[in-house]
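**Student:** Sending over run_39.csv (CSV, C-alpha atoms).
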chain,number,residue,atom,x,y,z
A,20,MET,CA,90.9,130.1,-132.5
A,21,LYS,CA,91.9,128.0,-129.5
A,22,VAL,CA,95.5,127.0,-128.6
A,23,ILE,CA,95.8,123.5,-127.2
A,24,ASN,CA,98.9,122.2,-125.5
A,25,THR,CA,98.0,118.7,-124.3
A,26,ILE,CA,97.4,115.5,-126.2
A,27,THR,CA,94.4,114.6,-124.1
A,28,GLU,CA,92.6,117.8,-124.8
A,29,MET,CA,93.3,117.7,-128.6
A,30,GLN,CA,92.0,114.1,-128.8
A,31,ASN,CA,88.9,115.0,-126.9
A,32,VAL,CA,88.2,118.1,-129.1
A,33,SER,CA,88.7,116.0,-132.3
A,34,LYS,CA,86.4,113.2,-131.0
A,35,THR,CA,83.7,115.7,-130.2
A,36,GLU,CA,83.9,117.5,-133.6
A,37,LYS,CA,83.7,114.1,-135.4
A,38,ARG,CA,80.8,113.0,-133.3
A,39,ASN,CA,79.1,116.2,-134.4
A,40,GLY,CA,79.6,115.3,-138.1
A,41,LYS,CA,82.4,117.8,-138.7
A,42,LYS,CA,85.2,117.1,-141.3
A,43,ILE,CA,88.6,117.9,-139.9
A,44,GLY,CA,91.5,119.1,-142.1
A,45,PHE,CA,95.0,119.0,-140.6
A,46,VAL,CA,98.2,120.9,-141.4
A,47,PRO,CA,101.2,119.6,-139.5
A,48,THR,CA,104.2,122.1,-139.4
A,49,MET,CA,107.3,122.9,-137.4
A,50,GLY,CA,106.2,126.6,-137.3
A,51,PHE,CA,107.8,129.7,-138.7
A,52,LEU,CA,105.0,129.7,-141.2
A,53,HIS,CA,105.7,130.9,-144.7
A,54,GLU,CA,103.5,131.2,-147.9
A,55,GLY,CA,103.7,127.5,-148.6
A,56,HIS,CA,102.2,126.7,-145.2
A,57,GLN,CA,99.6,129.4,-145.7
A,58,GLU,CA,98.5,127.8,-149.0
A,59,LEU,CA,98.0,124.5,-147.1
A,60,LEU,CA,95.9,126.2,-144.6
A,61,LYS,CA,93.8,128.0,-147.2
A,62,GLN,CA,93.0,124.7,-149.0
A,63,ALA,CA,92.2,123.1,-145.7
A,64,ARG,CA,89.9,125.9,-144.8
A,65,GLU,CA,88.1,125.7,-148.1
A,66,THR,CA,87.2,122.0,-147.9
A,67,ASN,CA,86.7,121.3,-144.2
A,68,ASP,CA,84.5,122.3,-141.3
A,69,ILE,CA,87.3,122.3,-138.8
A,70,VAL,CA,91.0,123.2,-139.4
A,71,VAL,CA,93.7,122.1,-137.1
A,72,LEU,CA,97.3,123.4,-137.3
A,73,SER,CA,100.1,121.8,-135.3
A,74,ILE,CA,103.4,123.5,-134.5
A,75,PHE,CA,106.0,121.2,-133.1
A,76,VAL,CA,109.8,121.3,-133.8
A,77,ASN,CA,110.4,117.6,-133.8
A,78,PRO,CA,113.8,116.7,-132.4
A,79,LEU,CA,113.7,113.1,-133.8
A,80,GLN,CA,114.2,114.4,-137.4
A,81,PHE,CA,117.4,116.4,-136.7
A,82,GLY,CA,120.7,114.7,-137.4
A,83,PRO,CA,123.9,115.0,-135.3
A,84,ASN,CA,125.2,117.8,-137.5
A,85,GLU,CA,121.9,119.7,-137.7
A,86,ASP,CA,121.2,122.3,-135.0
A,87,PHE,CA,117.8,121.7,-133.5
A,88,ASP,CA,118.2,124.7,-131.2
A,89,ALA,CA,118.9,127.0,-134.1
A,90,TYR,CA,115.7,126.2,-136.0
A,91,PRO,CA,113.7,129.4,-136.3
A,92,ARG,CA,110.8,129.9,-133.9
A,93,ASP,CA,108.2,132.7,-133.6
A,94,PHE,CA,105.0,131.4,-132.0
A,95,GLU,CA,103.4,134.8,-131.6
A,96,ARG,CA,103.8,135.5,-135.3
A,97,ASP,CA,102.6,132.0,-136.3
A,98,GLU,CA,99.6,132.4,-134.0
A,99,HIS,CA,98.6,135.7,-135.7
A,100,ILE,CA,98.9,134.1,-139.1
A,101,ALA,CA,96.9,131.0,-138.1
A,102,GLU,CA,94.1,133.1,-136.7
A,103,LYS,CA,94.0,135.3,-139.7
A,104,LEU,CA,93.7,132.3,-142.0
A,105,GLY,CA,90.8,130.8,-140.0
A,106,VAL,CA,92.4,128.0,-138.1
A,107,ASP,CA,90.1,126.6,-135.4
A,108,PHE,CA,92.5,124.8,-133.2
A,109,LEU,CA,96.3,125.3,-132.9
A,110,PHE,CA,98.0,122.3,-131.4
A,111,TYR,CA,101.2,123.4,-129.7
A,112,PRO,CA,102.6,120.7,-127.5
A,113,SER,CA,106.0,120.6,-125.7
A,114,ILE,CA,108.7,118.0,-126.3
A,115,ASP,CA,107.9,116.4,-123.0
A,116,GLU,CA,104.2,116.2,-123.9
A,117,MET,CA,105.0,114.5,-127.3
A,118,TYR,CA,107.8,112.3,-125.9
A,119,PRO,CA,107.2,111.8,-122.2
A,120,GLY,CA,109.6,108.9,-121.7
A,121,ASP,CA,111.6,106.2,-123.4
A,122,ARG,CA,109.8,104.7,-126.4
A,123,THR,CA,109.1,101.0,-126.5
A,124,THR,CA,108.6,100.9,-130.3
A,125,VAL,CA,110.4,102.5,-133.3
A,126,ILE,CA,109.2,103.4,-136.7
A,127,LYS,CA,111.8,102.8,-139.4
A,128,VAL,CA,111.2,103.8,-143.0
A,129,GLU,CA,112.5,101.0,-145.2
A,130,LYS,CA,111.8,102.4,-148.7
A,131,ARG,CA,111.7,105.8,-150.5
A,132,VAL,CA,114.5,107.2,-148.3
A,133,ASP,CA,117.7,106.0,-149.8
A,134,VAL,CA,117.6,108.6,-152.6
A,135,LEU,CA,117.3,112.4,-153.0
A,136,CYS,CA,117.6,114.2,-149.7
A,137,GLY,CA,117.0,111.1,-147.6
A,138,LYS,CA,120.3,109.6,-148.9
A,139,HIS,CA,122.2,112.4,-147.2
A,140,ARG,CA,120.1,112.5,-144.0
A,141,PRO,CA,120.0,109.0,-142.5
A,142,GLY,CA,117.3,108.6,-139.9
A,143,HIS,CA,115.6,111.9,-140.8
A,144,PHE,CA,112.5,110.3,-142.3
A,145,ASP,CA,112.2,107.8,-139.4
A,146,GLY,CA,111.7,110.9,-137.2
A,147,VAL,CA,109.3,112.4,-139.7
A,148,ALA,CA,107.2,109.2,-139.8
A,149,THR,CA,107.2,108.8,-136.0
A,150,VAL,CA,105.9,112.3,-135.4
A,151,VAL,CA,103.4,112.2,-138.2
A,152,MET,CA,102.0,108.9,-136.9
A,153,LYS,CA,101.7,110.4,-133.4
A,154,LEU,CA,100.0,113.5,-134.7
A,155,PHE,CA,97.5,111.6,-136.8
A,156,GLN,CA,96.6,109.5,-133.7
A,157,ILE,CA,96.2,112.7,-131.7
A,158,VAL,CA,94.3,114.9,-134.2
A,159,GLN,CA,92.4,112.1,-136.0
A,160,PRO,CA,91.8,114.2,-139.1
A,161,HIS,CA,89.9,113.2,-142.2
A,162,TYR,CA,92.4,115.0,-144.5
A,163,ALA,CA,96.0,116.1,-144.0
A,164,TYR,CA,97.7,118.6,-146.3
A,165,PHE,CA,101.3,118.4,-147.4
A,166,GLY,CA,103.3,120.6,-149.9
A,167,MET,CA,104.9,118.9,-152.9
A,168,LYS,CA,108.0,121.1,-152.6
A,169,ASP,CA,109.2,118.3,-150.3
A,170,ALA,CA,107.9,115.5,-152.5
A,171,GLN,CA,110.0,112.9,-150.8
A,172,GLN,CA,108.3,113.6,-147.5
A,173,VAL,CA,104.9,113.3,-149.2
A,174,ALA,CA,106.0,109.9,-150.7
A,175,VAL,CA,107.1,108.7,-147.2
A,176,ILE,CA,103.9,109.8,-145.5
A,177,GLU,CA,101.7,108.3,-148.2
A,178,GLY,CA,103.6,105.0,-147.7
A,179,LEU,CA,103.0,105.3,-143.9
A,180,VAL,CA,99.3,105.8,-144.4
A,181,ASN,CA,99.0,102.8,-146.8
A,182,ASP,CA,101.2,100.5,-144.7
A,183,TYR,CA,99.2,101.0,-141.5
A,184,HIS,CA,95.8,101.5,-143.0
A,185,LEU,CA,95.4,104.9,-141.4
A,186,ASP,CA,92.0,106.5,-141.8
A,187,VAL,CA,93.3,109.8,-143.3
A,188,GLU,CA,93.5,111.0,-146.8
A,189,ILE,CA,96.7,112.8,-147.8
A,190,ILE,CA,96.1,115.9,-150.0
A,191,ARG,CA,99.1,116.9,-152.1
A,192,VAL,CA,99.4,120.7,-152.5
A,193,ALA,CA,101.3,122.1,-155.5
A,194,THR,CA,104.5,124.1,-154.8
A,195,ILE,CA,104.0,127.8,-154.4
A,196,ARG,CA,106.3,129.8,-156.7
A,197,GLU,CA,107.5,133.3,-157.3
A,198,LYS,CA,106.6,134.9,-160.6
A,199,ASP,CA,109.9,133.8,-162.1
A,200,GLY,CA,109.2,130.2,-161.0
A,201,LEU,CA,111.5,129.9,-158.0
A,202,ALA,CA,109.9,127.7,-155.3
A,203,LYS,CA,109.0,129.8,-152.3
A,204,SER,CA,111.1,128.9,-149.3
A,205,SER,CA,112.4,130.4,-146.1
A,206,ARG,CA,115.9,129.7,-147.3
A,207,ASN,CA,115.5,132.1,-150.2
A,208,VAL,CA,116.4,135.0,-147.9
A,209,TYR,CA,119.9,133.7,-147.7
A,210,LEU,CA,120.5,134.1,-151.4
A,211,ARG,CA,122.6,137.0,-152.5
A,212,SER,CA,121.0,139.4,-155.1
A,213,ASN,CA,122.8,137.8,-158.0
A,214,GLU,CA,122.0,134.3,-156.7
A,215,ARG,CA,118.4,135.2,-156.4
A,216,GLN,CA,118.3,136.0,-160.1
A,217,GLU,CA,120.2,132.9,-161.0
A,218,ALA,CA,117.9,130.7,-158.9
A,219,SER,CA,115.0,131.0,-161.3
A,220,ARG,CA,117.0,128.7,-163.6
A,221,LEU,CA,116.3,125.7,-161.4
A,222,TYR,CA,112.6,125.6,-162.3
A,223,HIS,CA,113.3,126.6,-165.9
A,224,ALA,CA,115.6,123.6,-166.3
A,225,LEU,CA,112.9,121.3,-164.7
A,226,THR,CA,110.2,122.5,-167.2
A,227,ILE,CA,112.5,121.8,-170.1
A,228,ALA,CA,113.4,118.4,-168.6
A,229,LYS,CA,109.8,117.5,-168.4
A,230,GLU,CA,109.3,118.4,-172.1
A,231,MET,CA,112.3,116.2,-173.0
A,232,MET,CA,110.9,113.3,-170.9
A,233,VAL,CA,107.5,113.5,-172.5
A,234,SER,CA,109.0,113.6,-176.0
A,235,GLY,CA,111.0,110.4,-175.3
A,236,LYS,CA,114.5,111.6,-174.6
A,237,LYS,CA,116.8,109.3,-172.6
A,238,GLN,CA,117.0,109.9,-168.9
A,239,GLU,CA,120.7,110.3,-168.8
A,240,ASP,CA,120.5,113.0,-171.5
A,241,ILE,CA,117.8,114.8,-169.5
A,242,LYS,CA,119.8,114.7,-166.3
A,243,ALA,CA,122.9,115.9,-168.2
A,244,TYR,CA,120.9,118.8,-169.7
A,245,VAL,CA,119.6,119.9,-166.2
A,246,ARG,CA,123.0,119.7,-164.6
A,247,ASP,CA,124.8,121.5,-167.5
A,248,SER,CA,122.0,124.2,-167.7
A,249,ILE,CA,122.2,125.0,-164.0
A,250,GLN,CA,126.0,125.0,-163.8
A,251,GLN,CA,126.3,127.2,-166.9
A,252,HIS,CA,123.7,129.8,-165.8
A,253,THR,CA,124.3,129.9,-162.0
A,254,SER,CA,127.0,129.8,-159.4
A,255,ALA,CA,125.4,126.9,-157.6
A,256,GLU,CA,127.0,123.6,-157.0
A,257,MET,CA,124.7,120.7,-158.1
A,258,GLU,CA,124.1,118.1,-155.4
A,259,TYR,CA,121.9,115.8,-157.4
A,260,VAL,CA,119.6,115.6,-160.5
A,261,GLU,CA,117.4,112.4,-160.4
A,262,ILE,CA,114.5,110.9,-162.2
A,263,TYR,CA,112.3,108.3,-160.5
A,264,ALA,CA,108.8,106.7,-160.5
A,265,TYR,CA,106.6,108.6,-158.0
A,266,PRO,CA,105.7,108.0,-155.2
A,267,ALA,CA,107.8,104.8,-155.2
A,268,LEU,CA,111.0,106.7,-155.8
A,269,GLU,CA,112.4,103.8,-157.8
A,270,LYS,CA,114.4,103.9,-161.0
A,271,MET,CA,112.6,103.2,-164.3
A,272,GLU,CA,114.1,101.4,-167.2
A,273,ASN,CA,111.3,102.6,-169.4
A,274,LEU,CA,108.4,105.0,-169.0
A,275,ASN,CA,105.5,103.3,-167.1
A,276,GLN,CA,102.2,104.7,-168.2
A,277,HIS,CA,100.6,103.8,-164.9
A,278,THR,CA,102.9,105.8,-162.6
A,279,ASP,CA,103.8,109.4,-162.2
A,280,ILE,CA,107.4,110.6,-162.7
A,281,ILE,CA,109.5,113.0,-160.6
A,282,ILE,CA,112.5,115.0,-161.7
A,283,ALA,CA,114.1,116.3,-158.6
A,284,ILE,CA,117.1,118.6,-158.0
A,285,ALA,CA,119.2,120.0,-155.2
A,286,ALA,CA,121.6,122.9,-155.6
A,287,LYS,CA,123.9,124.6,-153.1
A,288,PHE,CA,124.4,128.4,-153.4
A,289,SER,CA,126.8,130.2,-151.0
A,290,LYS,CA,124.5,130.2,-148.0
A,291,ALA,CA,121.4,128.3,-149.2
A,292,ARG,CA,120.7,124.8,-150.3
A,293,LEU,CA,117.6,124.8,-152.6
A,294,ILE,CA,115.5,121.8,-153.6
A,295,ASP,CA,112.9,121.6,-156.3
A,296,ASN,CA,111.0,119.1,-158.3
A,297,ILE,CA,108.4,118.5,-160.9
A,298,VAL,CA,105.9,115.6,-160.8
A,299,PHE,CA,103.9,114.6,-163.8
A,300,HIS,CA,102.3,111.8,-165.7
A,301,PRO,CA,104.2,110.5,-168.8
A,302,THR,CA,101.1,110.9,-171.0
A,303,GLU,CA,100.9,114.6,-170.3
A,304,THR,CA,101.4,116.9,-173.3
A,305,LYS,CA,104.1,119.5,-173.5
A,306,GLN,CA,103.5,122.8,-171.7
Now, as a test, write the supplied structure out as structure tokens.
**Tutor:**
Amino acid sequence: MKVINTITEMQNVSKTEKRNGKKIGFVPTMGFLHEGHQELLKQARETNDIVVLSIFVNPLQFGPNEDFDAYPRDFERDEHIAEKLGVDFLFYPSIDEMYPGDRTTVIKVEKRVDVLCGKHRPGHFDGVATVVMKLFQIVQPHYAYFGMKDAQQVAVIEGLVNDYHLDVEIIRVATIREKDGLAKSSRNVYLRSNERQEASRLYHALTIAKEMMVSGKKQEDIKAYVRDSIQQHTSAEMEYVEIYAYPALEKMENLNQHTDIIIAIAAKFSKARLIDNIVFHPTETKQ
């Protein structure tokens, strides 16, 4: 595995590999790799000749009340994980390399960001879209892998690719879960022992909500069930329970047989805010 720190070298490597007929799979991250990232890398490794991992803590997606400096970093650990999983090139640029001066253009996301987590983090997805656009131009991958745990981010990036006709295919990767259904996350370590047991109720409520949706229950009744179920069985404070068409992230008056549906939740425990979702097609049968 080779570590690359400059944009020019990364672009040249990608151009050379593509000229040689190699398929490039790309996994963009902010580092501190966990099992969700590892699953993205495994899938990229299985289906591509070349795997590129990027690690860059992007300052543009941190809001004024979010501590950029406190974001966890451990490059040596990440480097070891990447090499073990068969990454070919690790792109690890500095902030000055990625943002060398004042920008003359701005990417502003107009849709899919006024709901769910984006509603509470104005400007966050503008920063995400900006850095992803830059990374796609630098790495020039055929495929890019994103986890569905952050389904809103996937929706925004798919919109970016479609709007600008980017020559990359976005691969959605299913959320990695613990045996009891809890979505794996670095935030889970902040759960107290009793909260960790309670947290499995989030996915349990989502699976029941999906069954209710498929069987024709009203959306308001479904959202009320999820909210009540989590509040009754956990100590968490519900931030939101929402149902939208996916990836448009727009409300539906009736089920549309031509679009997927997302049921998404966010819940705050004492020291951890957890998000989860379930995306499915309305014609799916009950599980």
**Student:** Which residue is closest to Ala193 of chain A? Choose from A:Tyr259, A:Tyr265, A:Tyr90, A:Phe165 and count all atoms listed in the file.
**Tutor:**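 With all atoms listed in the file as the atom set, the closest residue is A:Phe165.
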**Student:** Could I get the residues of segment 173-243 of chain A with an atom no further than 7 Å from an atom of segment 47-69 of chain A, each paired with its nearest atom pair and that distance in Å to one decimal, using all atoms listed in the file, sorted by chain and residue number, as a tab-separated table?
**Tutor:**
residue	atom	partner	partner_atom	distance
A:Val192	CA	A:Leu59	CA	6.7
A:Ile195	CA	A:Gly55	CA	5.8
A:Lys203	CA	A:Gly55	CA	6.9
A:Ser205	CA	A:His53	CA	6.9
**Student:** Using all atoms listed in the file, can you list as a list in words the residues within 9 Å of (120.5, 112.7, -140.9)?
**Tutor:** Gln80, Phe81, Gly82, Pro83, Asn84, Glu85, Gly137, Lys138, His139, Arg140, Pro141, Gly142, His143 and Phe144 of chain A
**Student:** Selected residues, C-alpha atoms, written as a PDB file, in the frame of the given file, please.
**Tutor:**
ATOM      1  CA  GLN A  80     114.200 114.400-137.400  1.00  0.00           C
ATOM      2  CA  PHE A  81     117.400 116.400-136.700  1.00  0.00           C
ATOM      3  CA  GLY A  82     120.700 114.700-137.400  1.00  0.00           C
ATOM      4  CA  PRO A  83     123.900 115.000-135.300  1.00  0.00           C
ATOM      5  CA  ASN A  84     125.200 117.800-137.500  1.00  0.00           C
ATOM      6  CA  GLU A  85     121.900 119.700-137.700  1.00  0.00           C
ATOM      7  CA  GLY A 137     117.000 111.100-147.600  1.00  0.00           C
ATOM      8  CA  LYS A 138     120.300 109.600-148.900  1.00  0.00           C
ATOM      9  CA  HIS A 139     122.200 112.400-147.200  1.00  0.00           C
ATOM     10  CA  ARG A 140     120.100 112.500-144.000  1.00  0.00           C
ATOM     11  CA  PRO A 141     120.000 109.000-142.500  1.00  0.00           C
ATOM     12  CA  GLY A 142     117.300 108.600-139.900  1.00  0.00           C
ATOM     13  CA  HIS A 143     115.600 111.900-140.800  1.00  0.00           C
ATOM     14  CA  PHE A 144     112.500 110.300-142.300  1.00  0.00           C
TER      15      PHE A 144
END
**Student:** Taking into account all atoms listed in the file, which residue in the set A:Asp169, A:Glu98, A:Asp186, A:Asp86 is nearest to Ile74 of chain A?
**Tutor:**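 Ranking A:Asp169, A:Glu98, A:Asp186, A:Asp86 by distance to Ile74 of chain A, first place goes to A:Glu98.
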**Student:** Out of A:Leu293, A:Ile176, A:Ala89, A:Met167, which residue has the shortest atom-to-atom distance to Tyr209 of chain A when counting all atoms listed in the file?
**Tutor:** A:Leu293
**Student:** Between atom CA of Glu188 of chain A and atom CA of His99 of chain A, what is the spacing in Å?
**Tutor:** 27.6 Å
